[in-house]
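Listing of my_file.txt, compact mmCIF, N, CA and C atoms and all ligand atoms
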```
# COMPACT_ATOMS: atom_id res chain seq x y z
N MET U 238 -82.04 -44.78 29.81
CA MET U 238 -81.16 -45.90 30.11
C MET U 238 -79.83 -45.69 29.40
N SER U 239 -78.76 -45.96 30.11
CA SER U 239 -77.45 -45.75 29.52
C SER U 239 -76.78 -47.09 29.23
N GLN U 240 -75.84 -47.05 28.31
CA GLN U 240 -75.04 -48.21 27.99
C GLN U 240 -73.61 -47.73 27.78
N SER U 241 -72.70 -48.67 27.78
CA SER U 241 -71.30 -48.32 27.59
C SER U 241 -70.82 -48.89 26.27
N ILE U 242 -70.05 -48.09 25.56
CA ILE U 242 -69.56 -48.46 24.24
C ILE U 242 -68.04 -48.46 24.27
N PRO U 243 -67.39 -49.58 23.88
CA PRO U 243 -65.93 -49.60 23.87
C PRO U 243 -65.39 -48.73 22.73
N LEU U 244 -64.38 -47.91 23.07
CA LEU U 244 -63.76 -47.06 22.05
C LEU U 244 -62.42 -47.63 21.62
N CYS U 245 -61.53 -47.85 22.58
CA CYS U 245 -60.20 -48.39 22.27
C CYS U 245 -59.56 -48.82 23.58
N LEU U 246 -58.48 -49.55 23.48
CA LEU U 246 -57.70 -49.82 24.69
C LEU U 246 -57.10 -48.51 25.17
N ALA U 247 -57.29 -48.20 26.43
CA ALA U 247 -56.83 -46.91 26.96
C ALA U 247 -55.34 -46.72 26.73
N ASP U 248 -54.57 -47.79 26.86
CA ASP U 248 -53.12 -47.68 26.70
C ASP U 248 -52.69 -47.38 25.27
N SER U 249 -53.62 -47.54 24.31
CA SER U 249 -53.26 -47.26 22.92
C SER U 249 -53.24 -45.76 22.62
N LEU U 250 -53.79 -44.96 23.54
CA LEU U 250 -53.73 -43.51 23.37
C LEU U 250 -52.42 -43.00 23.96
N ARG U 251 -51.56 -42.52 23.11
CA ARG U 251 -50.28 -41.99 23.58
C ARG U 251 -50.45 -40.58 24.14
N GLU U 252 -49.50 -40.15 24.94
CA GLU U 252 -49.50 -38.80 25.47
C GLU U 252 -49.56 -37.78 24.33
N GLY U 253 -50.50 -36.84 24.44
CA GLY U 253 -50.64 -35.80 23.42
C GLY U 253 -51.35 -36.24 22.16
N GLN U 254 -51.89 -37.45 22.18
CA GLN U 254 -52.59 -37.97 21.00
C GLN U 254 -54.09 -37.92 21.20
N ALA U 255 -54.80 -37.52 20.16
CA ALA U 255 -56.26 -37.55 20.15
C ALA U 255 -56.73 -38.44 18.99
N ARG U 256 -57.83 -39.13 19.21
CA ARG U 256 -58.43 -39.94 18.15
C ARG U 256 -59.92 -39.68 18.11
N GLY U 257 -60.48 -39.79 16.92
CA GLY U 257 -61.92 -39.63 16.76
C GLY U 257 -62.61 -40.98 16.70
N PHE U 258 -63.83 -41.03 17.21
CA PHE U 258 -64.63 -42.25 17.21
C PHE U 258 -66.05 -41.93 16.75
N ASP U 259 -66.64 -42.95 16.16
CA ASP U 259 -67.99 -42.80 15.61
C ASP U 259 -68.91 -43.87 16.22
N PRO U 260 -69.24 -43.72 17.52
CA PRO U 260 -69.99 -44.77 18.19
C PRO U 260 -71.41 -44.95 17.65
N ASP U 261 -71.92 -43.97 16.93
CA ASP U 261 -73.28 -44.06 16.37
C ASP U 261 -73.27 -44.53 14.92
N ASN U 262 -72.09 -44.86 14.39
CA ASN U 262 -71.97 -45.24 12.99
C ASN U 262 -72.62 -44.20 12.07
N SER U 263 -72.30 -42.95 12.35
CA SER U 263 -72.89 -41.85 11.57
C SER U 263 -72.08 -41.53 10.32
N GLY U 264 -70.87 -42.10 10.23
CA GLY U 264 -70.00 -41.77 9.11
C GLY U 264 -69.06 -40.62 9.42
N GLN U 265 -69.15 -40.09 10.63
CA GLN U 265 -68.33 -38.95 11.04
C GLN U 265 -67.94 -39.17 12.50
N ALA U 266 -66.69 -38.90 12.82
CA ALA U 266 -66.27 -39.01 14.21
C ALA U 266 -67.02 -37.97 15.04
N THR U 267 -67.77 -38.44 16.01
CA THR U 267 -68.56 -37.53 16.86
C THR U 267 -67.96 -37.40 18.25
N VAL U 268 -66.97 -38.25 18.55
CA VAL U 268 -66.35 -38.26 19.88
C VAL U 268 -64.84 -38.14 19.71
N ILE U 269 -64.24 -37.29 20.53
CA ILE U 269 -62.79 -37.16 20.59
C ILE U 269 -62.32 -37.77 21.91
N ALA U 270 -61.35 -38.68 21.83
CA ALA U 270 -60.69 -39.19 23.04
C ALA U 270 -59.24 -38.77 22.96
N LEU U 271 -58.70 -38.28 24.05
CA LEU U 271 -57.30 -37.85 24.04
C LEU U 271 -56.66 -38.11 25.38
N ARG U 272 -55.34 -38.24 25.32
CA ARG U 272 -54.56 -38.36 26.55
C ARG U 272 -53.72 -37.09 26.69
N TYR U 273 -53.83 -36.48 27.86
CA TYR U 273 -53.11 -35.24 28.13
C TYR U 273 -52.62 -35.27 29.56
N ARG U 274 -51.31 -35.14 29.71
CA ARG U 274 -50.67 -35.20 31.02
C ARG U 274 -51.11 -36.44 31.80
N GLY U 275 -51.19 -37.54 31.07
CA GLY U 275 -51.46 -38.84 31.67
C GLY U 275 -52.93 -39.19 31.83
N GLU U 276 -53.81 -38.21 31.72
CA GLU U 276 -55.24 -38.47 31.90
C GLU U 276 -55.94 -38.53 30.56
N ILE U 277 -57.05 -39.26 30.53
CA ILE U 277 -57.84 -39.37 29.31
C ILE U 277 -59.07 -38.49 29.43
N PHE U 278 -59.36 -37.77 28.35
CA PHE U 278 -60.52 -36.89 28.29
C PHE U 278 -61.36 -37.26 27.06
N LEU U 279 -62.66 -37.11 27.22
CA LEU U 279 -63.59 -37.36 26.12
C LEU U 279 -64.38 -36.09 25.83
N TRP U 280 -64.40 -35.70 24.57
CA TRP U 280 -65.13 -34.50 24.16
C TRP U 280 -66.02 -34.82 22.98
N ARG U 281 -67.12 -34.11 22.90
CA ARG U 281 -67.94 -34.20 21.69
C ARG U 281 -67.21 -33.45 20.57
N ASN U 282 -67.17 -34.01 19.41
CA ASN U 282 -66.46 -33.40 18.28
C ASN U 282 -67.36 -32.36 17.60
N VAL U 283 -67.64 -31.31 18.34
CA VAL U 283 -68.46 -30.21 17.84
C VAL U 283 -67.84 -28.90 18.32
N CYS U 284 -67.44 -28.07 17.40
CA CYS U 284 -66.86 -26.78 17.77
C CYS U 284 -67.98 -25.83 18.19
N PRO U 285 -67.81 -25.16 19.33
CA PRO U 285 -68.86 -24.24 19.77
C PRO U 285 -69.03 -23.01 18.87
N HIS U 286 -68.08 -22.77 17.97
CA HIS U 286 -68.21 -21.62 17.08
C HIS U 286 -69.38 -21.80 16.12
N LEU U 287 -69.32 -22.81 15.28
CA LEU U 287 -70.38 -23.01 14.28
C LEU U 287 -71.02 -24.39 14.36
N GLY U 288 -70.65 -25.18 15.37
CA GLY U 288 -71.27 -26.50 15.52
C GLY U 288 -70.77 -27.53 14.53
N THR U 289 -69.58 -27.31 13.98
CA THR U 289 -69.03 -28.24 12.99
C THR U 289 -68.01 -29.17 13.65
N PRO U 290 -67.65 -30.28 12.98
CA PRO U 290 -66.56 -31.12 13.48
C PRO U 290 -65.26 -30.32 13.53
N MET U 291 -64.38 -30.70 14.44
CA MET U 291 -63.14 -29.95 14.66
C MET U 291 -62.02 -30.35 13.71
N ASN U 292 -62.04 -31.57 13.20
CA ASN U 292 -60.88 -32.10 12.46
C ASN U 292 -61.05 -31.92 10.96
N TRP U 293 -59.90 -31.82 10.28
CA TRP U 293 -59.92 -31.68 8.82
C TRP U 293 -59.60 -33.01 8.15
N ARG U 294 -59.02 -33.92 8.87
CA ARG U 294 -58.83 -35.29 8.40
C ARG U 294 -58.88 -36.19 9.61
N ARG U 295 -58.88 -37.49 9.37
CA ARG U 295 -59.03 -38.44 10.46
C ARG U 295 -58.02 -38.19 11.59
N ASP U 296 -58.52 -38.09 12.78
CA ASP U 296 -57.72 -37.97 14.00
C ASP U 296 -56.86 -36.71 14.06
N ALA U 297 -57.11 -35.73 13.21
CA ALA U 297 -56.33 -34.48 13.23
C ALA U 297 -57.04 -33.48 14.14
N PHE U 298 -56.75 -33.57 15.43
CA PHE U 298 -57.39 -32.71 16.42
C PHE U 298 -56.40 -31.85 17.19
N MET U 299 -55.16 -32.33 17.32
CA MET U 299 -54.20 -31.67 18.19
C MET U 299 -53.21 -30.83 17.38
N ASP U 300 -52.62 -29.86 18.05
CA ASP U 300 -51.53 -29.12 17.41
C ASP U 300 -50.30 -30.05 17.33
N PRO U 301 -49.29 -29.66 16.56
CA PRO U 301 -48.14 -30.57 16.38
C PRO U 301 -47.44 -30.95 17.68
N ALA U 302 -47.49 -30.07 18.68
CA ALA U 302 -46.83 -30.37 19.96
C ALA U 302 -47.66 -31.28 20.84
N GLY U 303 -48.94 -31.54 20.46
CA GLY U 303 -49.80 -32.36 21.30
C GLY U 303 -50.21 -31.66 22.58
N GLU U 304 -50.24 -30.34 22.54
CA GLU U 304 -50.54 -29.55 23.75
C GLU U 304 -51.91 -28.90 23.72
N LYS U 305 -52.48 -28.67 22.54
CA LYS U 305 -53.76 -27.99 22.43
C LYS U 305 -54.63 -28.68 21.39
N LEU U 306 -55.96 -28.61 21.61
CA LEU U 306 -56.91 -29.03 20.60
C LEU U 306 -57.14 -27.85 19.65
N VAL U 307 -57.24 -28.13 18.37
CA VAL U 307 -57.42 -27.09 17.38
C VAL U 307 -58.64 -27.41 16.52
N CYS U 308 -59.49 -26.41 16.34
CA CYS U 308 -60.57 -26.55 15.34
C CYS U 308 -60.00 -26.08 14.02
N PHE U 309 -59.98 -26.96 13.07
CA PHE U 309 -59.32 -26.63 11.81
C PHE U 309 -60.21 -25.84 10.86
N ALA U 310 -61.47 -25.59 11.26
CA ALA U 310 -62.33 -24.75 10.41
C ALA U 310 -61.83 -23.31 10.41
N HIS U 311 -61.64 -22.74 11.60
CA HIS U 311 -61.19 -21.35 11.69
C HIS U 311 -60.07 -21.17 12.70
N GLY U 312 -59.50 -22.26 13.18
CA GLY U 312 -58.29 -22.16 13.98
C GLY U 312 -58.48 -21.91 15.46
N ALA U 313 -59.68 -22.06 16.00
CA ALA U 313 -59.86 -21.88 17.44
C ALA U 313 -59.01 -22.90 18.19
N ILE U 314 -58.49 -22.49 19.33
CA ILE U 314 -57.59 -23.33 20.13
C ILE U 314 -58.23 -23.58 21.49
N PHE U 315 -58.16 -24.84 21.94
CA PHE U 315 -58.82 -25.27 23.17
C PHE U 315 -57.82 -25.99 24.08
N GLU U 316 -58.03 -25.82 25.39
CA GLU U 316 -57.25 -26.60 26.35
C GLU U 316 -57.75 -28.04 26.32
N PRO U 317 -56.84 -29.02 26.24
CA PRO U 317 -57.28 -30.42 26.14
C PRO U 317 -57.97 -30.95 27.40
N ASP U 318 -57.65 -30.36 28.55
CA ASP U 318 -58.20 -30.91 29.79
C ASP U 318 -59.47 -30.20 30.27
N SER U 319 -59.65 -28.95 29.89
CA SER U 319 -60.86 -28.23 30.32
C SER U 319 -61.84 -28.00 29.19
N GLY U 320 -61.38 -28.13 27.94
CA GLY U 320 -62.23 -27.86 26.79
C GLY U 320 -62.48 -26.38 26.56
N LEU U 321 -61.80 -25.53 27.30
CA LEU U 321 -62.00 -24.08 27.19
C LEU U 321 -61.31 -23.55 25.94
N CYS U 322 -62.04 -22.73 25.18
CA CYS U 322 -61.44 -22.07 24.03
C CYS U 322 -60.63 -20.88 24.54
N ILE U 323 -59.33 -20.90 24.24
CA ILE U 323 -58.44 -19.85 24.75
C ILE U 323 -57.99 -18.90 23.64
N GLN U 324 -58.36 -19.22 22.41
CA GLN U 324 -58.03 -18.33 21.30
C GLN U 324 -58.94 -18.65 20.13
N GLY U 325 -59.50 -17.61 19.51
CA GLY U 325 -60.30 -17.84 18.33
C GLY U 325 -61.72 -17.32 18.47
N ALA U 326 -62.54 -17.70 17.51
CA ALA U 326 -63.88 -17.14 17.37
C ALA U 326 -64.81 -17.47 18.52
N CYS U 327 -64.55 -18.54 19.24
CA CYS U 327 -65.43 -18.94 20.36
C CYS U 327 -64.70 -18.80 21.69
N LEU U 328 -63.84 -17.82 21.80
CA LEU U 328 -63.08 -17.55 23.01
C LEU U 328 -64.00 -17.57 24.24
N GLY U 329 -63.58 -18.34 25.25
CA GLY U 329 -64.34 -18.40 26.49
C GLY U 329 -65.42 -19.48 26.51
N GLN U 330 -65.75 -20.06 25.35
CA GLN U 330 -66.73 -21.15 25.32
C GLN U 330 -66.00 -22.48 25.50
N ARG U 331 -66.77 -23.53 25.77
CA ARG U 331 -66.16 -24.83 26.05
C ARG U 331 -66.73 -25.92 25.15
N LEU U 332 -65.89 -26.93 24.91
CA LEU U 332 -66.36 -28.16 24.28
C LEU U 332 -67.25 -28.89 25.27
N THR U 333 -68.05 -29.80 24.77
CA THR U 333 -68.91 -30.61 25.63
C THR U 333 -68.17 -31.87 26.03
N GLU U 334 -67.97 -32.04 27.32
CA GLU U 334 -67.26 -33.21 27.85
C GLU U 334 -68.25 -34.38 27.96
N LEU U 335 -67.75 -35.57 27.68
CA LEU U 335 -68.58 -36.78 27.71
C LEU U 335 -68.12 -37.70 28.82
N ASN U 336 -69.02 -38.55 29.26
CA ASN U 336 -68.72 -39.51 30.32
C ASN U 336 -68.05 -40.75 29.77
N GLY U 337 -67.13 -41.27 30.55
CA GLY U 337 -66.50 -42.52 30.18
C GLY U 337 -65.73 -43.07 31.35
N TYR U 338 -65.18 -44.25 31.14
CA TYR U 338 -64.37 -44.89 32.18
C TYR U 338 -63.50 -45.95 31.53
N ILE U 339 -62.53 -46.44 32.28
CA ILE U 339 -61.67 -47.53 31.82
C ILE U 339 -62.12 -48.79 32.55
N ASP U 340 -62.46 -49.82 31.79
CA ASP U 340 -63.00 -51.03 32.44
C ASP U 340 -61.85 -51.93 32.92
N ALA U 341 -62.22 -53.05 33.48
CA ALA U 341 -61.24 -53.95 34.10
C ALA U 341 -60.28 -54.55 33.09
N ARG U 342 -60.67 -54.58 31.80
CA ARG U 342 -59.79 -55.11 30.75
C ARG U 342 -58.91 -54.03 30.15
N GLY U 343 -59.09 -52.79 30.60
CA GLY U 343 -58.28 -51.69 30.09
C GLY U 343 -58.89 -50.96 28.91
N TRP U 344 -60.14 -51.25 28.60
CA TRP U 344 -60.81 -50.57 27.49
C TRP U 344 -61.39 -49.24 27.94
N LEU U 345 -61.19 -48.22 27.11
CA LEU U 345 -61.84 -46.93 27.33
C LEU U 345 -63.28 -47.07 26.86
N MET U 346 -64.19 -46.84 27.77
CA MET U 346 -65.61 -47.02 27.49
C MET U 346 -66.32 -45.67 27.50
N LEU U 347 -67.15 -45.44 26.50
CA LEU U 347 -68.00 -44.26 26.47
C LEU U 347 -69.33 -44.63 27.10
N THR U 348 -69.76 -43.84 28.06
CA THR U 348 -71.07 -44.05 28.66
C THR U 348 -72.07 -43.24 27.86
N GLU U 349 -73.01 -43.92 27.27
CA GLU U 349 -73.96 -43.26 26.39
C GLU U 349 -75.37 -43.44 26.92
N SER U 350 -76.15 -42.39 26.83
CA SER U 350 -77.57 -42.49 27.15
C SER U 350 -78.34 -41.98 25.94
N ASP U 351 -79.64 -41.71 26.10
CA ASP U 351 -80.41 -41.19 24.97
C ASP U 351 -79.73 -39.97 24.38
N LYS U 352 -79.27 -39.13 25.25
CA LYS U 352 -78.44 -38.00 24.84
C LYS U 352 -77.14 -38.19 25.61
N TYR U 353 -75.99 -37.93 24.98
CA TYR U 353 -74.72 -38.14 25.67
C TYR U 353 -74.72 -37.42 27.02
N GLU U 354 -74.32 -38.14 28.03
CA GLU U 354 -74.12 -37.53 29.33
C GLU U 354 -72.82 -36.74 29.28
N THR U 355 -72.76 -35.69 30.04
CA THR U 355 -71.51 -34.96 30.12
C THR U 355 -70.78 -35.37 31.40
N GLY U 356 -69.47 -35.26 31.37
CA GLY U 356 -68.69 -35.66 32.53
C GLY U 356 -67.28 -35.89 32.12
N ASN U 357 -66.66 -36.97 32.56
CA ASN U 357 -65.26 -37.21 32.22
C ASN U 357 -64.97 -38.70 32.27
N ALA U 358 -63.73 -39.03 31.89
CA ALA U 358 -63.33 -40.44 31.80
C ALA U 358 -62.34 -40.81 32.88
N LYS U 359 -62.32 -40.07 33.95
CA LYS U 359 -61.34 -40.32 35.00
C LYS U 359 -61.84 -41.41 35.93
S1 LIG V 1 -66.07 -23.75 13.50
FE1 LIG V 1 -64.44 -24.02 14.91
S2 LIG V 1 -63.39 -22.13 14.90
FE2 LIG V 1 -65.02 -21.82 13.53
```
Mind turning the file's structure into C-alpha cells?
Amino acid sequence: MSQSIPLCLADSLREGQARGFDPDNSGQATVIALRYRGEIFLWRNVCPHLGTPMNWRRDAFMDPAGEKLVCFAHGAIFEPDSGLCIQGACLGQRLTELNGYIDARGWLMLTESDKYETGNAK
C-alpha cells in the first residue's frame, strides 16, 4: 500500500536548487528534490559508488552553477534530470529516481510504498 508524503511547496524550489528531505524521520536526508530546466525531479540520496549520502551539509547537492548534482564524498557528477553519473567513480551508473507529484494545492508529494517506488514527479 502506498501513501503520499508532503515535501514542500513545489514553487519554493528555485531553478537549479536541490533540497534534502527526511520523510522517514531517520535523522538524515534520504530524498533529494530539485528543479532543473523547470521540471522537478526526485532522487534517493544514495550515491551508487559506495551507497553513502551525496551531500556534505544540508541541501548541498548541486554544483555552484546549479547544473549538476555532485556527490561530495569523492566528487562524482550526475545529470540532474537523468541521474546518470557522467564523471567519477560510478561513471555510467544512475541515481534511483522516486515517484512523486504536485497536488492541487501546489505541494510536492512523495509517493511512498513499503519500498520507495521509482519513477518521477512530472
Ligand atoms: S560515494 Fe559518491 S563518489 Fe564515492
Just give me the residues with any atom within 6.5 Å of (-59.1, -51.7, 27.4), file coordinates, counting only N, CA and C atoms, written as a ChimeraX atom specification.
/U:245-248,340-345
So which one's closest to ligand LIG 1 (chain V), U:Met346, U:Ile339, U:Leu332, U:Cys327? Using only N, CA and C atoms and all ligand atoms, please.
U:Cys327
Nearby polymer residues, ligand LIG 1 (chain V), at most 8 Å, all atoms listed in the file, as a ChimeraX atom specification:
/U:283-291,307-314,324-327
So which residues touch region 262-279 of chain U within 6 Å, counting only C-alpha atoms, skipping near sequence neighbours fewer than 2 positions away, as a VMD selection string?
chain U and resid 252 to 260 281 to 282 334 to 335 358
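By all atoms listed in the file, and with residues fewer than 5 positions from Gln330 (chain U) along its chain excluded, the set lying at most 6.5 Å from it is Gly320, Leu321 and Cys322 of chain U.
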Identify, with DSSP run on backbone atoms, the residues in chain U assigned to strand (DSSP E), and express the list as a VMD selection string.
chain U and resid 240 to 246 255 to 258 268 to 273 276 to 281 306 to 307 314 to 315 322 to 324 337 to 339 344 to 349
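For the pair CA of Leu306 (chain U) and atom N of Asp318 (chain U), the interatomic distance is 8.1 Å.
Taking only C-alpha atoms into account, Arg331 (chain U) lies nearest to U:Trp280 out of the set U:Leu347, U:Pro301, U:Trp280, U:Gln240.
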Interatomic distance (Å, one decimal) between atom N of Leu328 (chain U) and atom C of Arg294 (chain U)
22.6 Å
Point-to-point distance in Å for atom C of Met299 (chain U) and atom C of Gly337 (chain U):
22.4 Å
